[in-house]
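Report on the following structure.
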Amino acid sequence: MKLKTFLSLKVLAVMLGLIGYNSLYAQCIQGSSSGTITPLVTWQTVNVTAGPVYYLDFVATAGVNYTFTYCQGGGQYSGDPYLTITNGVPTALAFNDDYCGLGSNIFWSCNASGPHRIYFSSCCPCGAGAPNNSILAYRADQNPVVATPCAGTPSLNTILPASFTTCPSYTNPAMNLVTNYSLSGLTVTWQSSTISLVGPWSTLTGPTVYDYNNLGANAYNTPTVGVTTWYQAVVTCTNSNQSVTVPGPSIYVAPATTNVVTYNESFEGIPFNFRLPNCSWNVSNMNACQTYTSSQANNRTARTGNKYATFTSTVSGTHYYYSNGIWMDAGVTYSASMWYQTDLNLGTNFSNLEILYGATQTNTGLTSIALQPGAVVSPIYKSLSNTFVVPSSGLYYVVVRANATPGSAQYLTWDDLNVMVPCNVASNQPNLQVSSASVICSGAALNLTASGANSYTWSTGSNSASIVQYPTTPMSYSVTGTNTLTGCTATAVRNVLVNPSPNITMIATPGMACPGTSVTMQASGAGTYIWSTGGNGPVVTITPSATAVYSVTGTLNGCATTQTLSLMVYNSPTVSASSSRNSMCVNENVTLTGSGAQSYQWMASNTSVLYQGSPISIMPTVAGPASYTVTGTDANGCTAKAVVNVNVEACTGISQLGASAIELYPNPNKGDFYVKSTDKSVFGVEVIDVTGKVVWNSTSQSSEIHVSMKDRAAGVYYVRIHKGQELKVVKMVKE
């Protein structure tokens, strides 16, 4: 290479180093394996042939120094060869620093034991292949340690990667044992099952003899899988014929994916570089549209999280990312946005960055949402967004596209695609309204009705369109209405003035009643009154016949209150009266008895004397018919009356009993006397003392009855003579 060109490249390298691009050439870490080498303390060589970028695998040991060169140990080169050492991820660990100058040299000390790679490419940077007719020389300052022969059962190990989700079209990463056994005499057999994680298992083609010097040589290169598949590795010690089964990852095949708005894609779900968010995403060219799980050179970083997408300028043309299907409804205004940034060198070779939507994952029939026309340049993340509506409801695909041409800007990075319904757009909001009376009386029913939305939530907790409230003080009611198609809400407030209703007091005097008694009811607290009895004014008088509820409605300042009062009406007692006899002589005692009440008062028809209690004993002093009326009062104060009738005889001598004559003789007498009838019909005789007690009685069919009263005290007696329905009382005196 000419000195002028060399110096120019040196200056460029220094400038790039000043702006953070000192690792520009370390990016050449792609390609495929071309075999395995084992560095020893003596120089080894390997032929390097022209062609696509490739690498050789080798196992490095921590603390060992390695040399890879074209300039020593018999190596030779032509052109500008370039070398890069990586680990198995791969991540650049060392690279030659001659910047396309003389020979390529790497002096590298290993920090972590394990599989590593030495990459080959032509220079400035990452050309199409290694130089022609080159011989690479390599060595280590220590020989690999000879492994100990295995014995017994191999220890349990771990397999990476862990379980992940893939798509049927994806080439999956290789699986490998994490820990090096450092033993000889081992075999490893890879197995898979499409039934379950416990098998049945099928043996896979792949490595069988375990290579303790090169852990990468034991990997199983997972092919594309069309169904969910489980993996495991069986490690066997051939010396003991004992094995251990190491559980491997489960590779799940994702189904078709659709979403609804709100939809956000930040690529945080992709498990590996160059993967899409799900199997339903698509790109127009995988070499031009790439995703990453960590920051890379050339200002490739995530806006949020760790993962993002890029367009590359290595493939010219217009390139497309197609999202999975997203359901959108006609009549809704949507917004779509994404964020982008470009290389720090401010190159202008990316242009016309655009967000579009379409009914298919093709570049035809697309409708533009937002466009950054012309050159796309932004060293920091910048937003591109706009609103849009779809013509009919259905699944749509959101598309991000950009045009790339070769130039200094190698990547256009983008992140955080978002599709949402902006609720600050009037057409997405409900036209919420609330109707109700603005002034109401305290305690009256207030009907509030909301309209203009699909669902409602009131400040009272109700979810109905209409509610009924009974406010007693001025109130403010709010309702939130939701447009269920857009999910947007609006809130309306209704203020209600509440006039006080009168506080009505209602009393009855007396507080309880008996049938037929009058009760006065009185109300206060209002200006006007209307009673349930039909009366008006604050006072009404009623005569209730049974227990009932009475009400009064009082009105004041246009507001009315109804008060009720239950008036108890007790039943009247059932009073009855009886006499110890219905016929008697003047000054003869008779007993009157009342029942059915708690207290009694008697009134005679032939005297103004009042008697109290029951039973009572009276002595009529006037001859003739008499009636006695008893008024009974029960415990509730209610009364009822009953009447008993008696006949009072003068009893001054013998009277005729109908057509028959009766004689009583002698009268007065000494205790013996006779009652004589003119015929022989049946008649009876009773002798009664002044207390009303019967002291002698007899019945006879003869014409005469002899009465002997010698053992009785002298005094006045009454002789009652019965003959059929006829009765006569004669006063008799015993001397």
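We name chains A, B, ... following the order of the structure tokens; residues begin at 1 in each chain, and ligands are numbered from 1 as shown.
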Excluding Leu446 (chain A) and residues on its chain fewer than 5 positions from it, collect all residues at most 6 Å away from it, counting only C-alpha atoms, and give them as a PyMOL selection string. chain A and resi 468-470
Test item: residues at most 10 Å from Pro406 (chain A), only C-alpha atoms, excluding those fewer than 2 positions along its chain, as an mmCIF file with N, CA and C atoms, in the first residue's frame:
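As a result, result-v6.cif now contains:
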data_model
loop_
_atom_site.group_PDB
_atom_site.id
_atom_site.type_symbol
_atom_site.label_atom_id
_atom_site.label_comp_id
_atom_site.auth_asym_id
_atom_site.auth_seq_id
_atom_site.Cartn_x
_atom_site.Cartn_y
_atom_site.Cartn_z
ATOM 1 N N THR A 312 -29.688 -0.899 7.487
ATOM 2 C CA THR A 312 -28.272 -0.783 7.147
ATOM 3 C C THR A 312 -28.140 -0.201 5.742
ATOM 4 N N SER A 313 -27.012 0.479 5.529
ATOM 5 C CA SER A 313 -26.773 1.080 4.207
ATOM 6 C C SER A 313 -25.984 0.159 3.290
ATOM 7 N N THR A 314 -25.636 -1.039 3.792
ATOM 8 C CA THR A 314 -24.845 -1.946 2.952
ATOM 9 C C THR A 314 -25.675 -2.526 1.817
ATOM 10 N N VAL A 315 -27.023 -2.509 1.989
ATOM 11 C CA VAL A 315 -27.910 -2.982 0.928
ATOM 12 C C VAL A 315 -28.724 -1.789 0.454
ATOM 13 N N SER A 316 -28.485 -1.357 -0.759
ATOM 14 C CA SER A 316 -29.180 -0.183 -1.288
ATOM 15 C C SER A 316 -30.637 -0.506 -1.590
ATOM 16 N N GLY A 317 -31.476 0.540 -1.513
ATOM 17 C CA GLY A 317 -32.876 0.377 -1.875
ATOM 18 C C GLY A 317 -33.807 0.814 -0.752
ATOM 19 N N GLY A 347 -24.065 11.461 8.360
ATOM 20 C CA GLY A 347 -24.200 11.120 6.950
ATOM 21 C C GLY A 347 -25.644 11.266 6.473
ATOM 22 N N THR A 348 -25.790 11.558 5.188
ATOM 23 C CA THR A 348 -27.121 11.854 4.628
ATOM 24 C C THR A 348 -27.601 10.786 3.654
ATOM 25 N N ASN A 349 -27.069 9.577 3.768
ATOM 26 C CA ASN A 349 -27.412 8.569 2.773
ATOM 27 C C ASN A 349 -28.657 7.754 3.122
ATOM 28 N N PHE A 350 -29.340 8.036 4.256
ATOM 29 C CA PHE A 350 -30.672 7.500 4.516
ATOM 30 C C PHE A 350 -31.695 8.600 4.249
ATOM 31 N N ALA A 404 -32.162 3.500 1.608
ATOM 32 C CA ALA A 404 -30.744 3.473 1.963
ATOM 33 C C ALA A 404 -29.897 3.474 0.702
ATOM 34 N N SER A 408 -21.586 7.448 4.321
ATOM 35 C CA SER A 408 -20.879 7.425 5.602
ATOM 36 C C SER A 408 -21.767 6.980 6.751
ATOM 37 N N ALA A 409 -23.073 7.180 6.661
ATOM 38 C CA ALA A 409 -23.987 6.712 7.701
ATOM 39 C C ALA A 409 -24.296 5.246 7.448
ATOM 40 N N GLN A 410 -23.798 4.380 8.322
ATOM 41 C CA GLN A 410 -23.957 2.950 8.076
ATOM 42 C C GLN A 410 -25.288 2.404 8.608
#
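Every protein, DNA or RNA residue with an atom at most 7 Å from Ser578 (chain A), where only C-alpha atoms count and chain neighbours fewer than 6 positions away do not, is listed here: Leu592, Thr593, Gly594 and Val644 of chain A.
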As a PyMOL selection string, please: every residue in region 487-674 of chain A that DSSP puts in strand (DSSP E or B). chain A and resi 488-499+505-509+512-513+519-524+528-531+536+539-542+548-556+559-569+576-579+583-585+590-595+599-604+610-612+616-618+624-633+639-649+657+660+662-665+669+672-674
Output for the residues just chosen: C-alpha atoms as a CSV table (one decimal), in the first residue's frame:
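As a result, part_22.csv now contains:
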chain,number,residue,atom,x,y,z
A,488,CYS,CA,-61.6,7.8,25.8
A,489,THR,CA,-63.5,9.4,28.6
A,490,ALA,CA,-65.0,12.7,29.5
A,491,THR,CA,-66.4,14.1,32.8
A,492,ALA,CA,-69.4,16.3,33.4
A,493,VAL,CA,-70.5,18.0,36.6
A,494,ARG,CA,-74.1,18.9,37.7
A,495,ASN,CA,-74.6,21.3,40.6
A,496,VAL,CA,-78.0,21.2,42.3
A,497,LEU,CA,-79.4,23.8,44.7
A,498,VAL,CA,-81.4,22.2,47.5
A,499,ASN,CA,-84.2,24.3,49.3
A,505,THR,CA,-94.3,17.9,63.8
A,506,MET,CA,-97.6,16.0,64.3
A,507,ILE,CA,-99.3,15.1,67.6
A,508,ALA,CA,-102.7,13.6,68.5
A,509,THR,CA,-104.7,14.3,71.7
A,512,MET,CA,-104.9,6.7,71.8
A,513,ALA,CA,-108.7,6.3,71.4
A,519,VAL,CA,-109.3,12.9,68.8
A,520,THR,CA,-107.7,16.2,68.0
A,521,MET,CA,-104.7,16.1,65.6
A,522,GLN,CA,-102.4,19.1,65.4
A,523,ALA,CA,-99.4,19.8,63.0
A,524,SER,CA,-96.8,22.5,63.1
A,528,THR,CA,-100.2,25.3,54.9
A,529,TYR,CA,-101.5,21.8,55.7
A,530,ILE,CA,-103.5,19.1,53.9
A,531,TRP,CA,-104.6,16.1,56.0
A,536,ASN,CA,-107.1,21.7,56.0
A,539,VAL,CA,-105.8,21.3,63.6
A,540,VAL,CA,-108.4,18.7,62.7
A,541,THR,CA,-110.8,16.6,64.9
A,542,ILE,CA,-111.6,13.0,64.1
A,548,ALA,CA,-105.3,3.8,61.3
A,549,VAL,CA,-102.3,5.8,60.0
A,550,TYR,CA,-103.0,9.5,59.4
A,551,SER,CA,-100.8,11.9,57.4
A,552,VAL,CA,-100.5,15.6,56.9
A,553,THR,CA,-98.6,17.4,54.1
A,554,GLY,CA,-97.1,20.7,55.1
A,555,THR,CA,-95.9,23.2,52.5
A,556,LEU,CA,-93.4,26.1,53.0
A,559,CYS,CA,-91.3,22.6,49.4
A,560,ALA,CA,-93.6,20.0,51.0
A,561,THR,CA,-93.0,17.4,53.7
A,562,THR,CA,-95.4,14.7,54.6
A,563,GLN,CA,-95.5,13.4,58.2
A,564,THR,CA,-97.5,10.4,59.4
A,565,LEU,CA,-98.9,9.3,62.7
A,566,SER,CA,-100.3,5.9,63.7
A,567,LEU,CA,-103.4,6.3,66.0
A,568,MET,CA,-104.2,3.2,68.1
A,569,VAL,CA,-108.0,2.6,68.6
A,576,SER,CA,-122.6,-8.2,80.7
A,577,ALA,CA,-124.8,-7.8,83.8
A,578,SER,CA,-126.8,-10.3,85.9
A,579,SER,CA,-129.0,-10.3,89.1
A,583,SER,CA,-138.2,-10.6,91.5
A,584,MET,CA,-138.0,-9.3,95.1
A,585,CYS,CA,-139.8,-7.3,97.7
A,590,VAL,CA,-130.5,-8.4,95.6
A,591,THR,CA,-127.0,-9.0,94.2
A,592,LEU,CA,-126.0,-7.4,90.9
A,593,THR,CA,-122.9,-8.6,89.0
A,594,GLY,CA,-121.0,-7.1,86.1
A,595,SER,CA,-118.4,-8.8,84.0
A,599,SER,CA,-114.2,-1.3,86.8
A,600,TYR,CA,-118.0,-0.9,87.0
A,601,GLN,CA,-120.5,1.9,87.7
A,602,TRP,CA,-124.2,1.1,88.2
A,603,MET,CA,-127.2,3.4,87.6
A,604,ALA,CA,-130.8,2.5,88.7
A,610,LEU,CA,-124.7,5.5,91.7
A,611,TYR,CA,-123.2,2.2,92.7
A,612,GLN,CA,-119.5,1.2,92.1
A,616,ILE,CA,-122.9,-5.1,94.5
A,617,SER,CA,-125.8,-5.7,96.9
A,618,ILE,CA,-128.8,-3.3,96.8
A,624,GLY,CA,-142.4,-1.6,90.7
A,625,PRO,CA,-140.2,-2.7,87.7
A,626,ALA,CA,-136.6,-1.4,87.8
A,627,SER,CA,-133.6,-1.6,85.5
A,628,TYR,CA,-130.0,-1.3,86.4
A,629,THR,CA,-127.4,-0.2,83.9
A,630,VAL,CA,-123.8,-1.0,84.4
A,631,THR,CA,-121.0,0.9,82.6
A,632,GLY,CA,-117.8,-1.2,82.4
A,633,THR,CA,-114.4,0.3,81.8
A,639,THR,CA,-116.3,1.5,78.2
A,640,ALA,CA,-119.4,-0.5,77.4
A,641,LYS,CA,-122.8,-0.9,79.0
A,642,ALA,CA,-125.2,-3.7,80.0
A,643,VAL,CA,-128.7,-3.6,81.5
A,644,VAL,CA,-130.4,-6.0,84.0
A,645,ASN,CA,-134.1,-5.7,84.8
A,646,VAL,CA,-135.8,-6.7,88.1
A,647,ASN,CA,-139.4,-6.6,89.5
A,648,VAL,CA,-139.8,-5.1,93.1
A,649,GLU,CA,-143.0,-6.1,94.9
A,657,LEU,CA,-151.8,-15.4,91.5
A,660,SER,CA,-156.2,-19.0,91.9
A,662,ILE,CA,-153.4,-18.2,97.9
A,663,GLU,CA,-153.6,-17.7,101.6
A,664,LEU,CA,-150.7,-17.3,104.1
A,665,TYR,CA,-151.8,-17.6,107.8
A,669,ASN,CA,-146.8,-15.9,113.7
A,672,ASP,CA,-145.4,-22.0,112.2
A,673,PHE,CA,-147.6,-20.8,109.3
A,674,TYR,CA,-149.5,-22.3,106.4
Which of these, A:Lys307, A:His116, A:Lys670, A:Lys693, has the shortest distance to Phe272 (chain A) once you count only C-alpha atoms?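 Between A:Lys307, A:His116, A:Lys670, A:Lys693, the residue approaching Phe272 (chain A) most closely is A:Lys307.
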For Cys289 (chain A): contacts at 12 Å, only C-alpha atoms, fewer than 6 positions along chain excluded, given as a PyMOL selection string: chain A and resi 273-276+281-283+308-322+400-404+411-414
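Here CA of Lys728 (chain A) is placed at a distance of 24.7 Å from CA of Asp711 (chain A).
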Contacts of Thr482 (chain A) at 8 Å (only C-alpha atoms; same-chain gap of 5+ positions) as a ChimeraX atom specification: /A:429-430,453-456,487-490
Extract, using only C-alpha atoms, all DNA, RNA and protein residues at most 10 Å from Val421 (chain A), discarding same-chain residues fewer than 5 positions from it, and format them as a VMD selection string. chain A and resid 261 to 263 328 332 to 336 387 to 388 428 485 to 488
